[in-house]
$ cat protein-v1.txt   # compact mmCIF, C-alpha atoms
# COMPACT_ATOMS: atom_id res chain seq x y z
CA MET A 1 -39.76 -9.47 -131.03
CA CYS A 2 -36.69 -11.69 -131.16
CA ASP A 3 -33.68 -11.13 -128.85
CA HIS A 4 -31.84 -9.07 -131.44
CA CYS A 5 -34.78 -6.73 -132.00
CA LEU A 6 -35.07 -6.00 -128.29
CA LYS A 7 -31.39 -5.07 -128.13
CA HIS A 8 -30.81 -3.44 -131.49
CA GLY A 9 -34.17 -2.53 -132.93
CA THR A 10 -34.84 0.80 -131.17
CA ALA A 11 -38.45 -0.31 -130.64
CA GLY A 12 -38.62 -2.00 -134.06
CA LYS A 13 -36.92 -4.79 -135.93
CA TRP A 14 -33.13 -5.06 -135.76
CA TYR A 15 -32.78 -5.22 -139.51
CA LEU A 16 -34.82 -2.04 -140.00
CA ASN A 17 -32.48 -0.01 -137.80
CA ALA A 18 -30.35 1.93 -140.29
CA LYS A 19 -27.56 2.32 -137.72
CA ASN A 20 -26.69 -1.38 -138.13
CA TYR A 21 -25.82 -0.76 -141.80
CA SER A 22 -23.66 2.31 -141.32
CA ASN A 23 -20.04 2.75 -142.35
CA GLU A 24 -19.31 4.04 -138.83
CA ILE A 25 -19.74 0.50 -137.51
CA VAL A 26 -17.25 -0.76 -140.09
CA GLU A 27 -14.69 1.73 -138.81
CA GLU A 28 -15.47 1.19 -135.14
CA TYR A 29 -14.96 -2.59 -135.43
CA ASN A 30 -12.26 -2.33 -138.10
CA LEU A 31 -14.20 -4.64 -140.40
CA GLN A 32 -12.84 -3.69 -143.81
CA GLU A 33 -9.70 -5.79 -143.52
CA PHE A 34 -11.49 -8.53 -141.59
CA LEU A 35 -14.13 -9.00 -144.29
CA GLN A 36 -11.58 -8.89 -147.07
CA GLU A 37 -9.61 -11.69 -145.41
CA GLN A 38 -12.80 -13.67 -144.73
CA TYR A 39 -14.24 -13.50 -148.24
CA LYS A 40 -10.91 -14.16 -149.96
CA ASN A 41 -11.21 -17.78 -148.79
CA PHE A 42 -14.89 -17.90 -147.90
CA GLU A 43 -15.53 -21.42 -149.23
CA GLN A 44 -12.90 -22.84 -146.87
CA ILE A 45 -14.65 -21.78 -143.66
CA ALA A 46 -16.66 -25.00 -143.23
CA VAL A 47 -13.59 -27.24 -143.61
CA ARG A 48 -11.20 -25.24 -141.42
CA LYS A 49 -10.65 -26.45 -137.89
CA VAL A 50 -11.97 -24.21 -135.11
CA ALA A 51 -10.98 -25.22 -131.57
CA GLY A 52 -10.05 -28.66 -132.92
CA PHE A 53 -13.30 -29.17 -134.81
CA SER A 54 -14.19 -28.60 -138.44
CA GLY A 55 -17.56 -28.79 -140.15
CA VAL A 56 -16.58 -31.99 -141.98
CA GLY A 57 -18.95 -34.79 -140.95
CA LEU A 58 -20.92 -32.38 -138.77
CA GLY A 59 -24.04 -34.56 -138.84
CA TYR A 60 -22.24 -37.55 -137.30
CA LYS A 61 -20.47 -35.34 -134.74
CA ILE A 62 -23.80 -33.88 -133.60
CA GLN A 63 -25.22 -37.39 -133.15
CA MET A 64 -22.47 -38.38 -130.69
CA PRO A 65 -23.70 -38.42 -127.06
CA ILE A 66 -21.66 -35.78 -125.21
CA ILE A 67 -19.39 -34.49 -127.95
CA GLY A 68 -22.48 -33.62 -130.01
CA ARG A 69 -23.73 -31.24 -127.37
CA VAL A 70 -20.30 -29.63 -126.99
CA VAL A 71 -20.02 -29.12 -130.76
CA LYS A 72 -23.50 -27.60 -130.91
CA HIS A 73 -22.76 -25.32 -127.97
CA PHE A 74 -19.53 -23.98 -129.47
CA ALA A 75 -21.06 -23.56 -132.92
CA GLU A 76 -23.95 -21.52 -131.51
CA GLN A 77 -21.66 -19.50 -129.26
CA MET A 78 -19.56 -18.59 -132.28
CA LEU A 79 -22.51 -17.69 -134.51
CA HIS A 80 -24.27 -15.63 -131.80
CA SER A 81 -21.09 -13.92 -130.60
CA THR A 82 -21.50 -10.19 -129.92
CA LYS A 83 -17.83 -9.56 -129.18
CA PRO A 84 -15.64 -7.78 -131.74
CA PRO A 85 -14.60 -10.51 -134.20
CA THR A 86 -11.02 -11.74 -134.03
CA ASP A 87 -10.57 -14.59 -136.50
CA PRO A 88 -11.66 -14.10 -140.13
CA PHE A 89 -11.69 -17.88 -140.63
CA LYS A 90 -14.52 -18.31 -138.13
CA ALA A 91 -18.13 -17.37 -138.82
CA GLU A 92 -18.22 -15.19 -135.71
CA GLY A 93 -21.35 -13.14 -135.10
CA HIS A 94 -22.86 -14.43 -138.35
CA ILE A 95 -26.51 -14.74 -137.50
CA GLY A 96 -29.47 -14.02 -139.73
CA GLN A 97 -33.22 -13.90 -139.93
CA VAL A 98 -35.79 -14.84 -142.54
CA VAL A 99 -37.43 -11.76 -144.11
CA PRO A 100 -40.58 -11.72 -146.23
CA LEU A 101 -40.85 -9.57 -149.37
CA ASP A 102 -42.27 -6.40 -147.76
CA ASP A 103 -39.55 -6.17 -145.13
CA ALA A 104 -36.86 -6.83 -147.72
CA ILE A 105 -38.24 -3.96 -149.79
CA SER A 106 -38.09 -1.69 -146.71
CA ILE A 107 -34.48 -2.73 -146.14
CA LEU A 108 -33.52 -1.94 -149.72
CA GLU A 109 -35.49 1.33 -149.78
CA HIS A 110 -34.45 2.80 -146.45
CA CYS A 111 -31.56 0.98 -144.78
CA ALA A 112 -29.12 -0.49 -147.31
CA VAL A 113 -26.01 1.67 -147.77
CA GLU A 114 -24.83 2.27 -151.32
CA PRO A 115 -23.10 0.93 -153.35
CA ILE A 116 -25.54 -1.97 -153.78
CA ILE A 117 -24.43 -4.95 -155.88
CA GLN A 118 -25.68 -8.39 -156.81
CA LYS A 119 -23.19 -11.24 -156.68
CA TYR A 120 -23.06 -14.94 -157.42
CA CYS A 121 -24.31 -16.66 -154.27
CA MET A 122 -21.33 -18.44 -152.70
CA CYS A 123 -23.50 -21.06 -151.03
CA ARG A 124 -25.10 -22.11 -154.30
CA TYR A 125 -21.69 -22.21 -155.98
CA MET A 126 -19.84 -24.16 -153.31
CA HIS A 127 -22.62 -26.68 -152.64
CA ARG A 128 -24.34 -26.98 -156.03
CA GLY A 129 -21.81 -25.66 -158.56
CA GLU A 130 -24.36 -23.13 -159.79
CA LYS A 131 -23.63 -19.50 -160.52
CA ASP A 132 -26.80 -17.63 -159.64
CA ALA A 133 -26.71 -13.91 -158.81
CA CYS A 134 -29.26 -14.07 -156.01
CA CYS A 135 -27.23 -12.37 -153.27
CA ILE A 136 -27.46 -8.62 -152.66
CA ASN A 137 -24.66 -6.78 -150.83
CA PHE A 138 -24.40 -3.27 -149.44
CA GLY A 139 -21.79 -0.74 -148.45
CA VAL A 140 -18.25 -1.85 -147.69
CA MET A 141 -19.12 -5.45 -148.56
CA SER A 142 -19.88 -4.44 -152.16
CA GLU A 143 -16.43 -2.90 -152.48
CA ILE A 144 -14.78 -6.06 -151.12
CA ILE A 145 -16.71 -8.40 -153.42
CA GLU A 146 -15.74 -6.33 -156.46
CA LYS A 147 -12.13 -7.39 -155.90
CA LEU A 148 -13.03 -11.11 -156.02
CA PRO A 149 -13.68 -12.08 -159.66
CA ARG A 150 -15.39 -15.41 -158.91
CA PHE A 151 -18.39 -13.68 -157.33
CA ILE A 152 -18.94 -11.06 -160.02
CA PRO A 153 -21.72 -11.86 -162.50
CA VAL A 154 -20.61 -12.13 -166.13
CA ASP A 155 -22.72 -10.59 -168.93
CA GLU A 156 -25.01 -9.05 -166.36
CA LYS A 157 -25.09 -5.67 -164.66
CA PHE A 158 -23.99 -6.15 -161.08
CA GLN A 159 -24.01 -2.61 -159.69
CA LEU A 160 -27.63 -1.95 -158.88
CA THR A 161 -29.78 1.04 -158.01
CA ARG A 162 -32.22 0.63 -155.12
CA GLU A 163 -35.11 0.08 -157.56
CA GLU A 164 -33.18 -2.53 -159.53
CA ALA A 165 -32.24 -4.34 -156.34
CA ILE A 166 -35.90 -4.45 -155.29
CA GLU A 167 -36.87 -5.83 -158.71
CA ARG A 168 -34.19 -8.53 -158.46
CA PHE A 169 -35.30 -9.49 -154.97
CA LYS A 170 -38.93 -9.76 -156.15
CA GLU A 171 -37.88 -12.08 -158.98
CA HIS A 172 -36.02 -14.39 -156.60
CA ASN A 173 -38.89 -14.37 -154.12
CA LYS A 174 -41.40 -15.35 -156.82
CA LYS A 175 -39.08 -18.15 -157.89
CA GLY A 176 -39.40 -19.56 -154.37
CA TYR A 177 -36.09 -18.42 -152.88
CA ILE A 178 -36.27 -17.52 -149.19
CA GLY A 179 -35.18 -14.00 -148.28
CA THR A 180 -32.68 -13.78 -145.42
CA ILE A 181 -30.85 -10.83 -143.86
CA TRP A 182 -27.47 -11.37 -142.19
CA TYR A 183 -25.09 -9.86 -139.73
CA GLY A 184 -21.65 -10.40 -141.14
CA PRO A 185 -20.15 -10.04 -138.55
CA TYR A 186 -22.28 -8.63 -135.73
CA PRO A 187 -23.33 -5.75 -135.53
CA TYR A 188 -22.82 -4.94 -139.21
CA ILE A 189 -25.56 -5.90 -141.70
CA ASN A 190 -24.33 -6.24 -145.28
CA ASN A 191 -26.04 -9.20 -146.91
CA LEU A 192 -29.58 -9.76 -148.18
CA CYS A 193 -29.72 -13.29 -149.56
CA SER A 194 -32.34 -15.17 -151.53
CA CYS A 195 -31.63 -18.85 -151.43
CA ALA A 196 -33.12 -22.27 -150.92
CA ASN A 197 -32.66 -25.38 -148.86
CA PRO A 198 -30.41 -27.43 -149.03
CA GLU A 199 -27.90 -25.13 -150.75
CA CYS A 200 -28.14 -22.24 -148.25
CA ALA A 201 -25.31 -22.66 -145.76
CA GLY A 202 -27.24 -20.53 -143.27
CA ILE A 203 -30.55 -22.40 -143.21
CA ARG A 204 -29.10 -25.89 -143.38
CA PRO A 205 -27.38 -26.04 -139.95
CA ARG A 206 -30.74 -25.37 -138.32
CA LEU A 207 -32.87 -27.71 -140.45
CA ASP A 208 -30.45 -30.63 -140.67
CA PHE A 209 -28.37 -30.38 -137.51
CA GLY A 210 -30.50 -28.35 -135.07
CA ILE A 211 -27.89 -25.59 -134.73
CA ASN A 212 -29.61 -22.26 -134.22
CA SER A 213 -28.01 -20.45 -137.16
CA ILE A 214 -31.01 -18.42 -138.32
CA TYR A 215 -34.08 -16.90 -136.70
CA LYS A 216 -37.58 -17.43 -138.03
CA ALA A 217 -39.18 -14.28 -139.47
CA GLU A 218 -41.19 -11.80 -137.40
CA TYR A 219 -44.13 -13.13 -139.39
CA VAL A 220 -46.10 -16.27 -139.90
CA VAL A 221 -48.36 -17.39 -142.77
CA ASP A 222 -51.84 -18.78 -142.34
CA ILE A 223 -54.50 -20.01 -144.76
CA GLU A 224 -58.06 -18.61 -144.93
CA PRO A 225 -60.10 -21.81 -144.85
CA ASP A 226 -63.00 -20.17 -146.71
CA GLN A 227 -60.82 -19.40 -149.70
CA CYS A 228 -58.58 -22.47 -149.89
CA GLN A 229 -59.60 -24.72 -152.80
CA GLY A 230 -57.14 -27.47 -151.89
CA CYS A 231 -55.00 -27.16 -155.04
CA LYS A 232 -51.85 -27.97 -152.98
CA SER A 233 -49.63 -25.61 -155.01
CA CYS A 234 -48.42 -23.94 -151.79
CA ILE A 235 -47.29 -27.26 -150.30
CA SER A 236 -44.50 -27.84 -152.80
CA LYS A 237 -43.28 -24.22 -152.36
CA CYS A 238 -42.71 -24.62 -148.61
CA GLN A 239 -39.14 -25.62 -147.85
CA PHE A 240 -39.82 -26.11 -144.17
CA ASN A 241 -42.58 -28.75 -144.56
CA ALA A 242 -44.92 -26.42 -142.69
CA ILE A 243 -47.93 -26.82 -145.00
CA GLU A 244 -49.92 -30.02 -144.90
CA PHE A 245 -53.04 -31.30 -146.64
CA ASP A 246 -56.13 -32.29 -144.72
CA PRO A 247 -57.68 -35.12 -146.78
CA ILE A 248 -61.05 -34.88 -144.99
CA LYS A 249 -61.60 -31.14 -145.44
CA LYS A 250 -59.73 -31.28 -148.77
CA GLN A 251 -57.78 -28.15 -147.81
CA SER A 252 -54.23 -27.20 -146.97
CA PHE A 253 -53.29 -25.96 -143.51
CA VAL A 254 -50.19 -24.39 -142.00
CA ASP A 255 -48.40 -25.85 -138.98
CA LEU A 256 -47.61 -22.49 -137.35
CA THR A 257 -44.83 -23.91 -135.19
CA LYS A 258 -42.98 -25.02 -138.34
CA CYS A 259 -43.62 -21.89 -140.42
CA TYR A 260 -40.54 -19.64 -140.84
CA GLY A 261 -42.63 -16.77 -142.24
CA CYS A 262 -40.66 -16.42 -145.48
CA GLY A 263 -43.85 -15.85 -147.45
CA VAL A 264 -42.75 -17.50 -150.70
CA CYS A 265 -45.92 -19.64 -150.62
CA LEU A 266 -47.98 -16.46 -151.08
CA HIS A 267 -46.86 -16.29 -154.71
CA ALA A 268 -48.14 -19.82 -155.35
CA CYS A 269 -51.74 -19.32 -154.20
CA LYS A 270 -54.14 -18.67 -157.08
CA TYR A 271 -57.15 -18.14 -154.78
CA ASP A 272 -55.75 -15.41 -152.52
CA ALA A 273 -56.20 -17.70 -149.53
CA MET A 274 -52.84 -17.09 -147.87
CA ARG A 275 -52.20 -14.25 -145.43
CA ILE A 276 -49.05 -13.14 -143.67
CA TYR A 277 -49.44 -12.02 -140.04
CA PRO A 278 -47.04 -10.61 -137.44
CA ARG A 279 -45.75 -13.49 -135.32
CA LYS A 280 -46.49 -11.57 -132.13
CA ASP A 281 -50.25 -11.74 -132.88
CA PHE A 282 -50.15 -15.45 -132.06
CA PRO A 283 -49.75 -15.97 -128.31
CA GLU A 284 -48.92 -19.65 -128.82
CA LEU A 285 -45.81 -18.65 -130.82
CA LYS A 286 -44.39 -16.46 -128.06
CA GLY A 287 -40.61 -16.77 -127.98
CA ILE A 288 -40.50 -19.18 -130.93
CA TYR A 289 -37.98 -17.71 -133.34
CA MET B 1 -29.38 -46.05 -137.83
CA GLY B 2 -26.89 -48.61 -139.10
CA LYS B 3 -23.39 -47.89 -140.23
CA LYS B 4 -21.94 -44.50 -141.05
CA THR B 5 -21.56 -43.63 -144.72
CA LYS B 6 -18.00 -42.94 -145.81
CA ILE B 7 -17.37 -40.90 -148.92
CA LYS B 8 -13.82 -40.76 -150.25
CA ILE B 9 -12.46 -38.68 -153.09
CA ASP B 10 -9.16 -39.55 -154.74
CA TYR B 11 -7.40 -36.20 -154.93
CA SER B 12 -4.68 -37.58 -157.20
CA ILE B 13 -7.39 -37.71 -159.89
CA CYS B 14 -9.69 -34.81 -159.02
CA GLY B 15 -8.78 -31.41 -157.63
CA ASP B 16 -5.62 -29.87 -156.16
CA GLY B 17 -4.52 -28.98 -159.69
CA ASN B 18 -4.51 -32.62 -160.90
CA GLU B 19 -6.17 -34.23 -163.92
CA ILE B 20 -9.70 -32.96 -163.36
CA ASP B 21 -10.49 -29.39 -162.30
CA PRO B 22 -13.62 -29.73 -160.15
CA ARG B 23 -14.72 -26.23 -161.15
CA GLU B 24 -15.07 -27.35 -164.75
CA CYS B 25 -16.66 -30.70 -163.94
CA LEU B 26 -19.10 -30.00 -161.07
CA LYS B 27 -20.93 -33.28 -161.83
CA CYS B 28 -21.01 -34.64 -158.27
CA LEU B 29 -22.22 -31.33 -156.86
CA LYS B 30 -25.05 -31.14 -159.36
CA VAL B 31 -26.36 -34.71 -159.02
CA CYS B 32 -26.25 -34.83 -155.22
CA GLU B 33 -29.81 -34.43 -153.93
CA PRO B 34 -28.86 -33.23 -150.41
CA ALA B 35 -25.97 -31.14 -151.82
CA LEU B 36 -23.53 -32.57 -149.27
CA PHE B 37 -20.35 -31.83 -151.23
CA LEU B 38 -18.37 -28.64 -150.78
CA LEU B 39 -16.25 -27.07 -153.49
CA HIS B 40 -13.46 -25.00 -151.95
CA GLU B 41 -9.98 -23.66 -152.50
CA SER B 42 -7.27 -26.22 -151.63
CA PHE B 43 -5.29 -25.55 -148.46
CA GLY B 44 -1.64 -24.57 -148.37
CA VAL B 45 -1.31 -23.76 -152.05
CA GLU B 46 0.71 -20.79 -153.28
CA GLU B 47 -1.72 -18.80 -155.39
CA GLU B 48 -0.46 -16.30 -157.91
CA ASN B 49 -3.38 -14.01 -157.11
CA PRO B 50 -4.91 -14.77 -153.68
CA TYR B 51 -8.04 -12.84 -154.70
CA ASP B 52 -8.63 -15.25 -157.57
CA PRO B 53 -7.59 -18.75 -156.40
CA GLN B 54 -7.16 -21.36 -159.16
CA ILE B 55 -6.56 -24.62 -157.27
CA TRP B 56 -9.76 -26.17 -155.91
CA ARG B 57 -10.98 -29.47 -154.50
CA VAL B 58 -14.26 -31.10 -153.46
CA THR B 59 -14.81 -32.28 -149.88
CA PRO B 60 -17.71 -34.56 -148.92
CA LEU B 61 -18.82 -32.26 -146.11
CA TYR B 62 -21.93 -33.88 -144.63
CA PRO B 63 -21.78 -37.65 -145.28
CA SER B 64 -24.56 -38.13 -142.69
CA LEU B 65 -27.02 -36.68 -145.20
CA CYS B 66 -26.02 -39.19 -147.90
CA THR B 67 -28.93 -41.21 -149.30
CA ARG B 68 -26.53 -43.78 -150.82
CA CYS B 69 -28.03 -43.21 -154.26
CA MET B 70 -24.55 -43.61 -155.86
CA LYS B 71 -25.29 -40.95 -158.49
CA CYS B 72 -22.00 -39.18 -157.68
CA VAL B 73 -20.03 -42.41 -158.16
CA ASP B 74 -21.71 -43.05 -161.52
CA SER B 75 -21.35 -39.50 -162.79
CA CYS B 76 -17.69 -38.97 -161.85
CA PRO B 77 -15.70 -38.94 -165.11
CA GLY B 78 -12.46 -39.93 -163.34
CA LYS B 79 -14.03 -42.62 -161.08
CA ALA B 80 -12.54 -40.69 -158.16
CA ILE B 81 -15.44 -41.07 -155.69
CA GLN B 82 -15.96 -44.05 -153.44
CA VAL B 83 -19.01 -44.47 -151.21
CA THR B 84 -18.91 -47.24 -148.61
CA TRP B 85 -20.82 -48.20 -145.46
$ encode --input "protein-v1.txt" --output "structure tokens"
Amino acid sequence: MCDHCLKHGTAGKWYLNAKNYSNEIVEEYNLQEFLQEQYKNFEQIAVRKVAGFSGVGLGYKIQMPIIGRVVKHFAEQMLHSTKPPTDPFKAEGHIGQVVPLDDAISILEHCAVEPIIQKYCMCRYMHRGEKDACCINFGVMSEIIEKLPRFIPVDEKFQLTREEAIERFKEHNKKGYIGTIWYGPYPYINNLCSCANPECAGIRPRLDFGINSIYKAEYVVDIEPDQCQGCKSCISKCQFNAIEFDPIKKQSFVDLTKCYGCGVCLHACKYDAMRIYPRKDFPELKGIY
Amino acid sequence: MGKKTKIKIDYSICGDGNEIDPRECLKCLKVCEPALFLLHESFGVEEENPYDPQIWRVTPLYPSLCTRCMKCVDSCPGKAIQVTW
């Protein structure tokens, strides 16, 4: 179990604890106004200065000897903050975790608070100029997004039933988009994303700059050597470079330490050789999230 | 490692309500392999409806990821992007 599950999972996973989705949390932390202010100018967050630093040129800042470590420390402190959020222009308490298909279905079936909507993913729009309705929102967040025309899908139904939301998530997952669930801000869960590297503004800080912005899933994927025919179709699906090809055995294998457990490679395998296991079953992965 | 890559955008040509509206063009965002550009609402602009901002600009957010392929420079219709190192 990751840190968040131990604290907020009531003996399970943090994102399967329905309490973290409830409207009571929104009232307790006064999040309605906060989120409205934050999403009004969401695309600006990365370029706004926080404590004298902005995200512009982050890669070069991180490479600097001492300043790099300070920047990384403050960025992680902000993202992992568990204090009531104060500044809507900071991504405070905005931490997420990779979720495979089955857990995402459980979230949508049991935890997500209605109304459920799909919206144009802001990350894909602000980094790639693409309007792709691959983001699913719940509860108060849905009501806020409805007021912001640029996120509302055109010529497409955006208010979804639970079943429709599950169908949409399945489609994205098959396409190779990684499912991620987000606090926004802590301890309120309102976002189930399906996105890809490098557009996802949540995955990128970790992959490119080593900032711990997202946890690996509670799962890990492994390949059954008896069934793998070495077709390599899973390799191109993996966005974390966790699957490699062994030219001697003529088979693919998973580097478990690199695997994020998103499970999108499972859709690619024609020979049913890929299996998803709970991360805790692998003692060598203890504490690696 | 070599020298840092510098990416400059001339905002008198693109964005901030000038000649080219980046939201209609989007060429640099689409050609950039590492997707290092960021399209965002311009700062300090009076918007008629703050829920639907109309004045946008592009910021080269992560120049460290630049592969120096120059596709953004070639695709920019207003020749507003400069990449140097």
$ residues_around --input "protein-v1.txt" --residues "region 62-68 of chain B" --least-positions-apart "3" --cutoff "7 Å" --atoms "only C-alpha atoms" --output "list in words"
Val56, Gly57, Leu58, Gly59 and Tyr60 of chain A; Thr5, Lys6, Ile7, Pro34 and Leu36 of chain B
$ interface_residues --input "protein-v1.txt" --of "chain A" --to "chain B" --cutoff "12 Å" --atoms "all atoms listed in the file" --output "CSV table (one decimal) with C-alpha atoms, in the frame of the given file"
chain,number,residue,atom,x,y,z
A,36,GLN,CA,-11.6,-8.9,-147.1
A,37,GLU,CA,-9.6,-11.7,-145.4
A,38,GLN,CA,-12.8,-13.7,-144.7
A,39,TYR,CA,-14.2,-13.5,-148.2
A,40,LYS,CA,-10.9,-14.2,-150.0
A,41,ASN,CA,-11.2,-17.8,-148.8
A,42,PHE,CA,-14.9,-17.9,-147.9
A,43,GLU,CA,-15.5,-21.4,-149.2
A,44,GLN,CA,-12.9,-22.8,-146.9
A,45,ILE,CA,-14.6,-21.8,-143.7
A,46,ALA,CA,-16.7,-25.0,-143.2
A,47,VAL,CA,-13.6,-27.2,-143.6
A,48,ARG,CA,-11.2,-25.2,-141.4
A,49,LYS,CA,-10.6,-26.4,-137.9
A,54,SER,CA,-14.2,-28.6,-138.4
A,55,GLY,CA,-17.6,-28.8,-140.2
A,56,VAL,CA,-16.6,-32.0,-142.0
A,57,GLY,CA,-19.0,-34.8,-141.0
A,58,LEU,CA,-20.9,-32.4,-138.8
A,59,GLY,CA,-24.0,-34.6,-138.8
A,60,TYR,CA,-22.2,-37.6,-137.3
A,61,LYS,CA,-20.5,-35.3,-134.7
A,62,ILE,CA,-23.8,-33.9,-133.6
A,63,GLN,CA,-25.2,-37.4,-133.2
A,122,MET,CA,-21.3,-18.4,-152.7
A,123,CYS,CA,-23.5,-21.1,-151.0
A,124,ARG,CA,-25.1,-22.1,-154.3
A,125,TYR,CA,-21.7,-22.2,-156.0
A,126,MET,CA,-19.8,-24.2,-153.3
A,127,HIS,CA,-22.6,-26.7,-152.6
A,128,ARG,CA,-24.3,-27.0,-156.0
A,129,GLY,CA,-21.8,-25.7,-158.6
A,130,GLU,CA,-24.4,-23.1,-159.8
A,131,LYS,CA,-23.6,-19.5,-160.5
A,144,ILE,CA,-14.8,-6.1,-151.1
A,145,ILE,CA,-16.7,-8.4,-153.4
A,146,GLU,CA,-15.7,-6.3,-156.5
A,147,LYS,CA,-12.1,-7.4,-155.9
A,148,LEU,CA,-13.0,-11.1,-156.0
A,149,PRO,CA,-13.7,-12.1,-159.7
A,150,ARG,CA,-15.4,-15.4,-158.9
A,151,PHE,CA,-18.4,-13.7,-157.3
A,152,ILE,CA,-18.9,-11.1,-160.0
A,196,ALA,CA,-33.1,-22.3,-150.9
A,197,ASN,CA,-32.7,-25.4,-148.9
A,198,PRO,CA,-30.4,-27.4,-149.0
A,199,GLU,CA,-27.9,-25.1,-150.8
A,200,CYS,CA,-28.1,-22.2,-148.2
A,201,ALA,CA,-25.3,-22.7,-145.8
A,204,ARG,CA,-29.1,-25.9,-143.4
A,205,PRO,CA,-27.4,-26.0,-140.0
A,207,LEU,CA,-32.9,-27.7,-140.4
A,208,ASP,CA,-30.4,-30.6,-140.7
A,209,PHE,CA,-28.4,-30.4,-137.5
$ axis_aligned_box --input "protein-v1.txt" --around "region 39-44 of chain B" --padding-each-side "3 Å" --output "JSON"
{"center_x": -8.9, "center_y": -25.4, "center_z": -150.9, "size_x": 20.6, "size_y": 9.4, "size_z": 11.1}
$ closest_residue --input "protein-v1.txt" --among "A:Val221, A:Val140, A:Val71, A:Ile166" --to "Gly184 (chain A)" --atoms "all atoms listed in the file"
A:Val140
$ atom_distance --input "protein-v1.txt" --atom1 "CA of Thr180 (chain A)" --atom2 "CA of Glu224 (chain A)"
25.8 Å
$ atom_distance --input "protein-v1.txt" --atom1 "CA of Ile178 (chain A)" --atom2 "CA of Trp56 (chain B)"
28.7 Å
$ closest_residue --input "protein-v1.txt" --among "A:Gly139, A:Pro100, A:Gly52, A:Pro185" --to "Pro85 (chain A)" --atoms "all atoms listed in the file"
A:Pro185
$ atom_distance --input "protein-v1.txt" --atom1 "CA of Phe138 (chain A)" --atom2 "CA of Asn191 (chain A)"
6.7 Å
$ residues_around --input "protein-v1.txt" --residues "region 155-160 of chain A" --least-positions-apart "5" --cutoff "7 Å" --atoms "only C-alpha atoms" --output "ChimeraX atom specification"
/A:116-119,165
$ residues_near_point --input "protein-v1.txt" --point "(-32.6, -11.3, -127.8)" --cutoff "12 Å" --atoms "all atoms listed in the file" --output "list in words"
Met1, Cys2, Asp3, His4, Cys5, Leu6, Lys7, His8, Gly9, Lys13, Trp14, His80, Thr82, Ile95, Tyr215, Gly287, Ile288 and Tyr289 of chain A
$ residues_around --input "protein-v1.txt" --residues "region 264-271 of chain A" --least-positions-apart "6" --cutoff "10 Å" --atoms "only C-alpha atoms" --output "PDB file with C-alpha atoms, keeping the file's coordinate frame"
ATOM      1  CA  PRO A 100     -40.580 -11.720-146.230  1.00  0.00           C
ATOM      2  CA  LEU A 101     -40.850  -9.570-149.370  1.00  0.00           C
ATOM      3  CA  HIS A 172     -36.020 -14.390-156.600  1.00  0.00           C
ATOM      4  CA  ASN A 173     -38.890 -14.370-154.120  1.00  0.00           C
ATOM      5  CA  LYS A 174     -41.400 -15.350-156.820  1.00  0.00           C
ATOM      6  CA  LYS A 175     -39.080 -18.150-157.890  1.00  0.00           C
ATOM      7  CA  GLY A 176     -39.400 -19.560-154.370  1.00  0.00           C
ATOM      8  CA  TYR A 177     -36.090 -18.420-152.880  1.00  0.00           C
ATOM      9  CA  ILE A 178     -36.270 -17.520-149.190  1.00  0.00           C
ATOM     10  CA  GLY A 179     -35.180 -14.000-148.280  1.00  0.00           C
ATOM     11  CA  VAL A 221     -48.360 -17.390-142.770  1.00  0.00           C
ATOM     12  CA  ASP A 222     -51.840 -18.780-142.340  1.00  0.00           C
ATOM     13  CA  ILE A 223     -54.500 -20.010-144.760  1.00  0.00           C
ATOM     14  CA  GLU A 224     -58.060 -18.610-144.930  1.00  0.00           C
ATOM     15  CA  GLN A 227     -60.820 -19.400-149.700  1.00  0.00           C
ATOM     16  CA  CYS A 228     -58.580 -22.470-149.890  1.00  0.00           C
ATOM     17  CA  GLN A 229     -59.600 -24.720-152.800  1.00  0.00           C
ATOM     18  CA  GLY A 230     -57.140 -27.470-151.890  1.00  0.00           C
ATOM     19  CA  CYS A 231     -55.000 -27.160-155.040  1.00  0.00           C
ATOM     20  CA  LYS A 232     -51.850 -27.970-152.980  1.00  0.00           C
ATOM     21  CA  SER A 233     -49.630 -25.610-155.010  1.00  0.00           C
ATOM     22  CA  CYS A 234     -48.420 -23.940-151.790  1.00  0.00           C
ATOM     23  CA  ILE A 235     -47.290 -27.260-150.300  1.00  0.00           C
ATOM     24  CA  SER A 236     -44.500 -27.840-152.800  1.00  0.00           C
ATOM     25  CA  LYS A 237     -43.280 -24.220-152.360  1.00  0.00           C
ATOM     26  CA  CYS A 238     -42.710 -24.620-148.610  1.00  0.00           C
ATOM     27  CA  GLN A 239     -39.140 -25.620-147.850  1.00  0.00           C
ATOM     28  CA  ILE A 243     -47.930 -26.820-145.000  1.00  0.00           C
TER      29      ILE A 243
END
